[in-house]
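Colleague: model14.txt is the file, holding compact mmCIF, N, CA, C and O atoms:
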# COMPACT_ATOMS: atom_id res chain seq x y z
N MET D 1 46.18 49.13 -10.10
CA MET D 1 47.40 48.45 -9.72
C MET D 1 47.79 47.46 -10.81
O MET D 1 46.93 46.81 -11.40
N VAL D 2 49.09 47.35 -11.00
CA VAL D 2 49.64 46.35 -11.93
C VAL D 2 50.36 45.34 -11.06
O VAL D 2 51.20 45.72 -10.23
N MET D 3 50.03 44.07 -11.26
CA MET D 3 50.66 43.02 -10.47
C MET D 3 51.45 42.09 -11.36
O MET D 3 51.08 41.85 -12.52
N TYR D 4 52.54 41.56 -10.80
CA TYR D 4 53.34 40.56 -11.50
C TYR D 4 53.77 39.51 -10.48
O TYR D 4 54.32 39.85 -9.43
N ALA D 5 53.50 38.26 -10.78
CA ALA D 5 53.91 37.13 -9.94
C ALA D 5 53.50 37.34 -8.48
O ALA D 5 54.27 37.10 -7.57
N GLY D 6 52.28 37.81 -8.28
CA GLY D 6 51.73 37.94 -6.93
C GLY D 6 52.15 39.18 -6.17
O GLY D 6 51.85 39.29 -5.00
N GLN D 7 52.84 40.10 -6.81
CA GLN D 7 53.26 41.34 -6.15
C GLN D 7 52.78 42.55 -6.93
O GLN D 7 52.76 42.53 -8.16
N ILE D 8 52.45 43.61 -6.20
CA ILE D 8 52.16 44.87 -6.85
C ILE D 8 53.48 45.43 -7.36
O ILE D 8 54.43 45.56 -6.60
N VAL D 9 53.55 45.74 -8.65
CA VAL D 9 54.76 46.35 -9.20
C VAL D 9 54.55 47.83 -9.49
O VAL D 9 55.51 48.59 -9.60
N GLU D 10 53.29 48.23 -9.60
CA GLU D 10 53.00 49.65 -9.82
C GLU D 10 51.58 49.96 -9.38
O GLU D 10 50.65 49.21 -9.65
N LYS D 11 51.44 51.09 -8.68
CA LYS D 11 50.14 51.60 -8.29
C LYS D 11 50.06 53.02 -8.83
O LYS D 11 50.90 53.86 -8.53
N ALA D 12 49.07 53.26 -9.69
CA ALA D 12 48.93 54.57 -10.33
C ALA D 12 47.48 54.73 -10.76
O ALA D 12 46.70 53.78 -10.71
N SER D 13 47.14 55.93 -11.19
CA SER D 13 45.81 56.12 -11.77
C SER D 13 45.77 55.31 -13.07
O SER D 13 46.82 54.96 -13.63
N ALA D 14 44.58 55.01 -13.54
CA ALA D 14 44.46 54.24 -14.78
C ALA D 14 45.16 54.96 -15.92
O ALA D 14 45.86 54.34 -16.71
N LYS D 15 44.99 56.27 -16.00
CA LYS D 15 45.62 57.05 -17.07
C LYS D 15 47.14 56.94 -17.00
O LYS D 15 47.80 56.74 -18.02
N GLU D 16 47.72 57.06 -15.80
CA GLU D 16 49.18 56.96 -15.64
C GLU D 16 49.66 55.55 -16.00
O GLU D 16 50.66 55.40 -16.71
N ALA D 17 48.97 54.55 -15.50
CA ALA D 17 49.39 53.16 -15.73
C ALA D 17 49.36 52.80 -17.21
O ALA D 17 50.23 52.08 -17.69
N VAL D 18 48.38 53.31 -17.95
CA VAL D 18 48.25 52.98 -19.36
C VAL D 18 49.15 53.85 -20.24
O VAL D 18 49.85 53.35 -21.11
N PHE D 19 49.16 55.15 -20.00
CA PHE D 19 49.86 56.06 -20.90
C PHE D 19 51.25 56.49 -20.43
O PHE D 19 52.01 57.04 -21.21
N ASP D 20 51.59 56.22 -19.18
CA ASP D 20 52.90 56.61 -18.64
C ASP D 20 53.37 55.58 -17.61
O ASP D 20 53.63 55.91 -16.46
N PRO D 21 53.48 54.30 -18.00
CA PRO D 21 53.88 53.27 -17.03
C PRO D 21 55.33 53.46 -16.59
O PRO D 21 56.18 53.89 -17.37
N LEU D 22 55.59 53.16 -15.32
CA LEU D 22 56.95 53.29 -14.78
C LEU D 22 57.68 51.95 -14.70
O LEU D 22 58.81 51.85 -15.14
N HIS D 23 57.07 50.97 -14.10
CA HIS D 23 57.75 49.68 -13.92
C HIS D 23 57.97 49.01 -15.27
O HIS D 23 57.11 49.08 -16.16
N PRO D 24 59.13 48.37 -15.48
CA PRO D 24 59.38 47.71 -16.76
C PRO D 24 58.31 46.69 -17.18
O PRO D 24 58.01 46.57 -18.37
N TYR D 25 57.71 45.99 -16.22
CA TYR D 25 56.63 45.06 -16.58
C TYR D 25 55.42 45.84 -17.07
O TYR D 25 54.81 45.48 -18.09
N SER D 26 55.05 46.90 -16.36
CA SER D 26 53.91 47.73 -16.78
C SER D 26 54.15 48.27 -18.18
O SER D 26 53.26 48.27 -19.02
N LYS D 27 55.37 48.73 -18.43
CA LYS D 27 55.74 49.27 -19.74
C LYS D 27 55.58 48.20 -20.82
O LYS D 27 55.02 48.45 -21.87
N GLY D 28 56.10 47.00 -20.54
CA GLY D 28 55.98 45.90 -21.50
C GLY D 28 54.54 45.48 -21.72
O GLY D 28 54.13 45.21 -22.85
N LEU D 29 53.78 45.46 -20.65
CA LEU D 29 52.37 45.08 -20.74
C LEU D 29 51.60 46.06 -21.61
O LEU D 29 50.84 45.66 -22.50
N MET D 30 51.82 47.34 -21.40
CA MET D 30 51.13 48.35 -22.20
C MET D 30 51.60 48.33 -23.66
O MET D 30 50.84 48.66 -24.56
N GLY D 31 52.84 47.91 -23.89
CA GLY D 31 53.35 47.80 -25.27
C GLY D 31 52.84 46.58 -26.00
O GLY D 31 53.06 46.43 -27.20
N SER D 32 52.13 45.70 -25.30
CA SER D 32 51.62 44.49 -25.92
C SER D 32 50.12 44.55 -26.21
O SER D 32 49.52 43.57 -26.60
N ILE D 33 49.55 45.74 -26.04
CA ILE D 33 48.11 45.91 -26.24
C ILE D 33 47.83 46.39 -27.66
O ILE D 33 48.48 47.31 -28.15
N ILE D 34 46.85 45.79 -28.29
CA ILE D 34 46.44 46.20 -29.63
C ILE D 34 45.67 47.51 -29.53
O ILE D 34 44.74 47.63 -28.74
N VAL D 35 46.09 48.49 -30.32
CA VAL D 35 45.44 49.79 -30.35
C VAL D 35 44.66 49.91 -31.66
O VAL D 35 45.27 49.93 -32.73
N PRO D 36 43.33 49.99 -31.59
CA PRO D 36 42.54 50.01 -32.82
C PRO D 36 42.47 51.38 -33.50
O PRO D 36 41.81 51.52 -34.51
N GLU D 37 43.12 52.38 -32.95
CA GLU D 37 43.06 53.74 -33.51
C GLU D 37 43.64 53.77 -34.92
O GLU D 37 44.63 53.11 -35.22
N GLN D 38 43.04 54.61 -35.77
CA GLN D 38 43.55 54.79 -37.12
C GLN D 38 44.96 55.37 -37.05
O GLN D 38 45.23 56.26 -36.25
N GLY D 39 45.86 54.85 -37.84
CA GLY D 39 47.24 55.31 -37.83
C GLY D 39 48.12 54.55 -36.85
O GLY D 39 49.33 54.66 -36.90
N LEU D 40 47.52 53.79 -35.96
CA LEU D 40 48.29 53.01 -34.99
C LEU D 40 48.16 51.51 -35.24
O LEU D 40 48.80 50.72 -34.56
N ARG D 41 47.36 51.12 -36.20
CA ARG D 41 47.15 49.69 -36.45
C ARG D 41 48.41 49.01 -36.97
O ARG D 41 48.56 47.81 -36.81
N ASP D 42 49.33 49.76 -37.56
CA ASP D 42 50.56 49.17 -38.09
C ASP D 42 51.69 49.13 -37.08
O ASP D 42 52.77 48.64 -37.38
N VAL D 43 51.46 49.65 -35.88
CA VAL D 43 52.48 49.65 -34.84
C VAL D 43 52.66 48.21 -34.36
O VAL D 43 51.69 47.51 -34.07
N LYS D 44 53.92 47.77 -34.34
CA LYS D 44 54.19 46.39 -33.90
C LYS D 44 54.03 46.27 -32.39
O LYS D 44 54.46 47.14 -31.64
N LEU D 45 53.44 45.18 -31.97
CA LEU D 45 53.29 44.91 -30.55
C LEU D 45 54.61 44.41 -29.98
O LEU D 45 55.37 43.71 -30.65
N ALA D 46 54.86 44.77 -28.75
CA ALA D 46 56.06 44.31 -28.06
C ALA D 46 55.73 43.02 -27.31
O ALA D 46 54.62 42.86 -26.81
N ALA D 47 56.67 42.12 -27.26
CA ALA D 47 56.49 40.88 -26.50
C ALA D 47 57.41 40.92 -25.30
O ALA D 47 58.52 41.45 -25.38
N ILE D 48 56.94 40.41 -24.19
CA ILE D 48 57.77 40.30 -22.99
C ILE D 48 58.44 38.93 -23.07
O ILE D 48 57.76 37.91 -23.07
N PRO D 49 59.77 38.89 -23.16
CA PRO D 49 60.46 37.60 -23.30
C PRO D 49 60.35 36.74 -22.04
O PRO D 49 60.09 37.24 -20.96
N GLY D 50 60.56 35.45 -22.22
CA GLY D 50 60.62 34.54 -21.08
C GLY D 50 59.26 34.11 -20.57
O GLY D 50 58.24 34.34 -21.20
N VAL D 51 59.28 33.51 -19.39
CA VAL D 51 58.06 33.01 -18.75
C VAL D 51 58.02 33.49 -17.30
O VAL D 51 59.06 33.74 -16.69
N PRO D 52 56.82 33.60 -16.73
CA PRO D 52 56.71 34.00 -15.32
C PRO D 52 57.40 32.98 -14.41
O PRO D 52 57.53 31.81 -14.76
N PRO D 53 57.83 33.43 -13.22
CA PRO D 53 58.51 32.52 -12.30
C PRO D 53 57.55 31.52 -11.66
O PRO D 53 56.35 31.74 -11.63
N ASN D 54 58.12 30.45 -11.16
CA ASN D 54 57.37 29.45 -10.41
C ASN D 54 57.04 30.05 -9.05
O ASN D 54 57.94 30.29 -8.24
N LEU D 55 55.77 30.26 -8.76
CA LEU D 55 55.38 30.90 -7.50
C LEU D 55 55.41 29.94 -6.31
O LEU D 55 55.30 30.37 -5.18
N LYS D 56 55.59 28.64 -6.59
CA LYS D 56 55.78 27.70 -5.48
C LYS D 56 57.16 27.90 -4.87
O LYS D 56 57.38 27.59 -3.71
N ASN D 57 58.07 28.40 -5.68
CA ASN D 57 59.44 28.68 -5.23
C ASN D 57 59.89 29.99 -5.90
O ASN D 57 60.72 29.97 -6.80
N PRO D 58 59.33 31.13 -5.45
CA PRO D 58 59.65 32.39 -6.13
C PRO D 58 61.13 32.74 -6.01
O PRO D 58 61.79 32.40 -5.02
N PRO D 59 61.66 33.41 -7.03
CA PRO D 59 63.07 33.79 -6.98
C PRO D 59 63.33 34.85 -5.93
O PRO D 59 62.43 35.59 -5.54
N SER D 60 64.57 34.91 -5.47
CA SER D 60 64.94 36.01 -4.58
C SER D 60 65.11 37.25 -5.45
O SER D 60 65.29 37.15 -6.66
N GLY D 61 65.02 38.39 -4.86
CA GLY D 61 65.13 39.62 -5.62
C GLY D 61 63.85 39.93 -6.37
O GLY D 61 62.77 39.49 -6.00
N CYS D 62 63.98 40.67 -7.44
CA CYS D 62 62.83 41.08 -8.24
C CYS D 62 62.27 39.87 -8.99
O CYS D 62 63.00 39.16 -9.68
N ARG D 63 60.99 39.67 -8.89
CA ARG D 63 60.36 38.54 -9.56
C ARG D 63 60.31 38.71 -11.07
O ARG D 63 60.13 37.73 -11.80
N PHE D 64 60.50 39.92 -11.56
CA PHE D 64 60.48 40.19 -12.99
C PHE D 64 61.89 40.18 -13.59
O PHE D 64 62.06 40.24 -14.81
N ALA D 65 62.91 40.05 -12.78
CA ALA D 65 64.31 40.19 -13.22
C ALA D 65 64.66 39.33 -14.43
O ALA D 65 65.32 39.80 -15.36
N GLU D 66 64.25 38.08 -14.44
CA GLU D 66 64.62 37.17 -15.55
C GLU D 66 64.05 37.61 -16.89
O GLU D 66 64.56 37.23 -17.94
N ARG D 67 63.01 38.42 -16.87
CA ARG D 67 62.35 38.85 -18.11
C ARG D 67 62.60 40.32 -18.43
O ARG D 67 62.16 40.81 -19.46
N CYS D 68 63.30 41.02 -17.56
CA CYS D 68 63.46 42.47 -17.66
C CYS D 68 64.70 42.86 -18.48
O CYS D 68 65.81 42.42 -18.18
N SER D 69 64.50 43.70 -19.47
CA SER D 69 65.63 44.14 -20.29
C SER D 69 66.48 45.20 -19.61
O SER D 69 67.52 45.58 -20.12
N TYR D 70 66.05 45.67 -18.45
CA TYR D 70 66.81 46.68 -17.69
C TYR D 70 67.45 46.07 -16.44
O TYR D 70 67.96 46.79 -15.60
N CYS D 71 67.42 44.76 -16.32
CA CYS D 71 67.88 44.06 -15.12
C CYS D 71 69.35 44.33 -14.81
O CYS D 71 70.22 44.26 -15.67
N LEU D 72 69.61 44.63 -13.55
CA LEU D 72 70.96 44.76 -13.01
C LEU D 72 71.28 43.50 -12.22
O LEU D 72 70.35 42.81 -11.77
N PRO D 73 72.54 43.17 -12.00
CA PRO D 73 72.87 42.00 -11.17
C PRO D 73 72.19 42.03 -9.80
O PRO D 73 71.73 41.01 -9.30
N GLU D 74 72.09 43.22 -9.21
CA GLU D 74 71.46 43.36 -7.89
C GLU D 74 69.98 43.00 -7.91
O GLU D 74 69.41 42.61 -6.89
N CYS D 75 69.34 43.16 -9.05
CA CYS D 75 67.91 42.87 -9.17
C CYS D 75 67.61 41.40 -8.85
O CYS D 75 66.53 41.07 -8.36
N ARG D 76 68.55 40.53 -9.13
CA ARG D 76 68.33 39.10 -8.92
C ARG D 76 68.46 38.69 -7.45
O ARG D 76 68.06 37.58 -7.10
N VAL D 77 69.02 39.58 -6.62
CA VAL D 77 69.22 39.21 -5.21
C VAL D 77 68.54 40.15 -4.23
O VAL D 77 68.19 39.73 -3.13
N MET D 78 68.35 41.41 -4.60
CA MET D 78 67.75 42.38 -3.68
C MET D 78 66.25 42.49 -3.89
O MET D 78 65.79 42.67 -5.01
N SER D 79 65.52 42.37 -2.81
CA SER D 79 64.09 42.59 -2.87
C SER D 79 63.83 44.07 -2.60
O SER D 79 64.43 44.65 -1.71
N VAL D 80 62.96 44.66 -3.38
CA VAL D 80 62.70 46.09 -3.28
C VAL D 80 61.25 46.33 -2.90
O VAL D 80 60.35 45.71 -3.45
N GLY D 81 61.05 47.24 -1.98
CA GLY D 81 59.69 47.63 -1.61
C GLY D 81 59.16 48.65 -2.60
O GLY D 81 59.85 49.06 -3.53
N LEU D 82 57.93 49.05 -2.40
CA LEU D 82 57.32 50.05 -3.27
C LEU D 82 57.96 51.41 -3.00
O LEU D 82 58.17 51.79 -1.86
N ARG D 83 58.26 52.14 -4.06
CA ARG D 83 58.88 53.47 -3.98
C ARG D 83 57.85 54.51 -4.39
O ARG D 83 57.04 54.27 -5.26
N GLU D 84 57.95 55.67 -3.78
CA GLU D 84 57.05 56.79 -4.09
C GLU D 84 57.43 57.41 -5.43
O GLU D 84 58.61 57.55 -5.75
N ALA D 85 56.41 57.82 -6.19
CA ALA D 85 56.63 58.49 -7.47
C ALA D 85 55.56 59.56 -7.67
O ALA D 85 54.88 59.58 -8.68
N GLY D 86 55.41 60.40 -6.69
CA GLY D 86 54.39 61.45 -6.82
C GLY D 86 53.13 61.11 -6.07
O GLY D 86 53.06 60.13 -5.33
N HIS D 87 52.13 61.90 -6.31
CA HIS D 87 50.85 61.80 -5.59
C HIS D 87 50.21 60.43 -5.74
O HIS D 87 49.75 60.06 -6.82
N GLU D 88 50.23 59.66 -4.65
CA GLU D 88 49.60 58.33 -4.59
C GLU D 88 50.06 57.36 -5.67
O GLU D 88 49.34 56.45 -6.06
N ARG D 89 51.27 57.55 -6.17
CA ARG D 89 51.83 56.66 -7.18
C ARG D 89 53.06 55.97 -6.62
O ARG D 89 53.93 56.62 -6.05
N THR D 90 53.13 54.65 -6.80
CA THR D 90 54.28 53.88 -6.33
C THR D 90 54.68 52.86 -7.38
O THR D 90 53.89 52.50 -8.25
N PHE D 91 55.92 52.39 -7.27
CA PHE D 91 56.41 51.35 -8.17
C PHE D 91 57.51 50.57 -7.44
O PHE D 91 58.11 51.05 -6.50
N ARG D 92 57.76 49.36 -7.90
CA ARG D 92 58.73 48.47 -7.26
C ARG D 92 59.89 48.22 -8.23
O ARG D 92 59.77 47.44 -9.17
N CYS D 93 61.02 48.93 -8.03
CA CYS D 93 62.17 48.78 -8.91
C CYS D 93 63.41 49.38 -8.24
O CYS D 93 63.30 50.34 -7.48
N LEU D 94 64.57 48.80 -8.53
CA LEU D 94 65.82 49.38 -8.03
C LEU D 94 66.13 50.71 -8.69
O LEU D 94 66.74 51.58 -8.08
N TYR D 95 65.71 50.86 -9.94
CA TYR D 95 65.93 52.12 -10.64
C TYR D 95 65.02 53.20 -10.06
O TYR D 95 63.88 52.93 -9.70
N SER D 96 65.50 54.42 -10.06
CA SER D 96 64.66 55.55 -9.67
C SER D 96 63.71 55.88 -10.81
O SER D 96 63.92 55.45 -11.95
N GLU D 97 62.72 56.67 -10.53
CA GLU D 97 61.80 57.11 -11.58
C GLU D 97 62.57 57.82 -12.69
O GLU D 97 62.34 57.56 -13.87
N GLU D 98 63.50 58.67 -12.33
CA GLU D 98 64.30 59.41 -13.32
C GLU D 98 65.12 58.47 -14.19
O GLU D 98 65.18 58.63 -15.41
N GLU D 99 65.75 57.47 -13.57
CA GLU D 99 66.57 56.51 -14.33
C GLU D 99 65.71 55.71 -15.31
O GLU D 99 66.12 55.46 -16.45
N LEU D 100 64.52 55.30 -14.87
CA LEU D 100 63.63 54.55 -15.76
C LEU D 100 63.19 55.42 -16.94
O LEU D 100 63.22 54.97 -18.09
N ARG D 101 62.82 56.65 -16.66
CA ARG D 101 62.37 57.54 -17.74
C ARG D 101 63.49 57.79 -18.76
O ARG D 101 63.24 57.81 -19.97
N LYS D 102 64.72 57.95 -18.28
CA LYS D 102 65.86 58.14 -19.18
C LYS D 102 66.08 56.89 -20.04
O LYS D 102 66.32 56.98 -21.24
N ALA D 103 65.98 55.71 -19.42
CA ALA D 103 66.17 54.45 -20.15
C ALA D 103 65.08 54.28 -21.21
O ALA D 103 65.36 53.88 -22.34
N TYR D 104 63.83 54.62 -20.87
CA TYR D 104 62.73 54.49 -21.83
C TYR D 104 62.89 55.47 -22.98
O TYR D 104 62.62 55.13 -24.13
N LEU D 105 63.35 56.68 -22.69
CA LEU D 105 63.56 57.68 -23.73
C LEU D 105 64.68 57.24 -24.68
O LEU D 105 64.54 57.35 -25.90
N LYS D 106 65.76 56.73 -24.09
CA LYS D 106 66.89 56.24 -24.91
C LYS D 106 66.42 55.10 -25.82
O LYS D 106 66.75 55.08 -27.01
N GLU D 107 65.65 54.18 -25.28
CA GLU D 107 65.14 53.06 -26.06
C GLU D 107 64.22 53.55 -27.18
O GLU D 107 64.29 53.08 -28.32
N ALA D 108 63.35 54.50 -26.89
CA ALA D 108 62.44 55.04 -27.89
C ALA D 108 63.21 55.73 -29.01
O ALA D 108 62.87 55.57 -30.20
N ASN D 109 64.26 56.46 -28.65
CA ASN D 109 65.07 57.13 -29.67
C ASN D 109 65.80 56.12 -30.55
O ASN D 109 65.91 56.33 -31.76
N GLN D 110 66.28 55.03 -29.96
CA GLN D 110 66.95 53.99 -30.74
C GLN D 110 65.97 53.29 -31.68
O GLN D 110 66.30 52.97 -32.81
N ASN D 111 64.76 53.05 -31.21
CA ASN D 111 63.74 52.39 -32.03
C ASN D 111 63.23 53.28 -33.16
O ASN D 111 62.74 52.78 -34.16
N ALA D 112 63.35 54.59 -32.98
CA ALA D 112 62.87 55.54 -33.99
C ALA D 112 63.83 55.62 -35.18
O ALA D 112 63.47 56.11 -36.24
N ARG D 113 65.05 55.14 -35.00
CA ARG D 113 66.05 55.20 -36.09
C ARG D 113 65.82 54.16 -37.13
O ARG D 113 65.37 53.16 -37.08
Give the structure from the file, written as structure tokens.

Modeller:
Amino acid sequence: MVMYAGQIVEKASAKEAVFDPLHPYSKGLMGSIIVPEQGLRDVKLAAIPGVPPNLKNPPSGCRFAERCSYCLPECRVMSVGLREAGHERTFRCLYSEEELRKAYLKEANQNAR
């Protein structure tokens, strides 16, 4: 499980969570890990902008919204439950699994240029 600000944002097998994260926080977290493999040492680490929310007064809506590069206006006000994404896999996001995958692919293609 991947947690952010006291909530589960993704539940997946370890392999899925590390190599195929769905939630934007999980994706950012995995992009910030140093990979010691030969040929990958020069890959730049990604940073997650901003700071975690104050949990004494958590924000309404998605707790990751202020730091999320995919944030929609609704994310700041709507609270979302865990969504199904296949066999025993769940994630917490307004975007569907398909929409997230398309956004990640688009971003990867832009970064490859």

Colleague: Which residues, written as an MDAnalysis selection string, have at least one atom at most 7 Å from segment 4-16 of chain D, with all atoms listed in the file counted and residues fewer than 3 positions away on the same chain left out?

Modeller: chainID D and resid 1 19:24 26 52:53 55 63:64 80:83 85 87:93

Colleague: Determine which residues of chain D DSSP labels as helix (DSSP H, G or I) from the backbone of this structure, then write them out as an MDAnalysis selection string.

Modeller: chainID D and resid 14:19 24:30 65:67 73:76 97:112

Colleague: For segment 14-21 of chain D, take all atoms listed in the file, fit an axis-aligned box around them, add 6 Å to each of the six sides, then output centre and edge lengths in Å rounded to one decimal, as lines of an AutoDock Vina configuration file.

Modeller:
center_x = 50.3
center_y = 54.6
center_z = -17.4
size_x = 23.7
size_y = 17.0
size_z = 19.7

Colleague: Smallest atom-to-atom distance to Cys62 of chain D: which of D:Lys27, D:Arg113, D:Lys102, D:Arg76, using only C-alpha atoms?

Modeller: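 Comparing D:Lys27, D:Arg113, D:Lys102, D:Arg76 against Cys62 of chain D, the winner is D:Arg76.
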
Colleague: Please indicate the distance in Å from atom CA of Glu66 of chain D to atom O of Glu97 of chain D, rounded to one decimal place.

Modeller: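 A separation of 20.6 Å between them.
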
Colleague: Counting only C-alpha atoms, figure out which residue out of D:Tyr70, D:Tyr25, D:Val18, D:Asn57 gets nearest to Lys106 of chain D.

Modeller: D:Tyr70

Colleague: Enter the distance from atom C of Arg67 of chain D to atom N of Pro49 of chain D, in Å, rounded to one decimal.

Modeller: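 Taking atom C of Arg67 of chain D and atom N of Pro49 of chain D, their separation equals 5.7 Å.
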
Colleague: From a DSSP calculation on the backbone, collect every residue of chain D in strand (DSSP E or B) and output the set as a VMD selection string.

Modeller: chain D and resid 2 to 4 7 to 11 83 to 84 90 to 91

Colleague: To one decimal place, how far is atom CA of Ser79 of chain D from atom CA of Tyr104 of chain D in Å?

Modeller: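 Separating atom CA of Ser79 of chain D from atom CA of Tyr104 of chain D is a distance of 22.4 Å.
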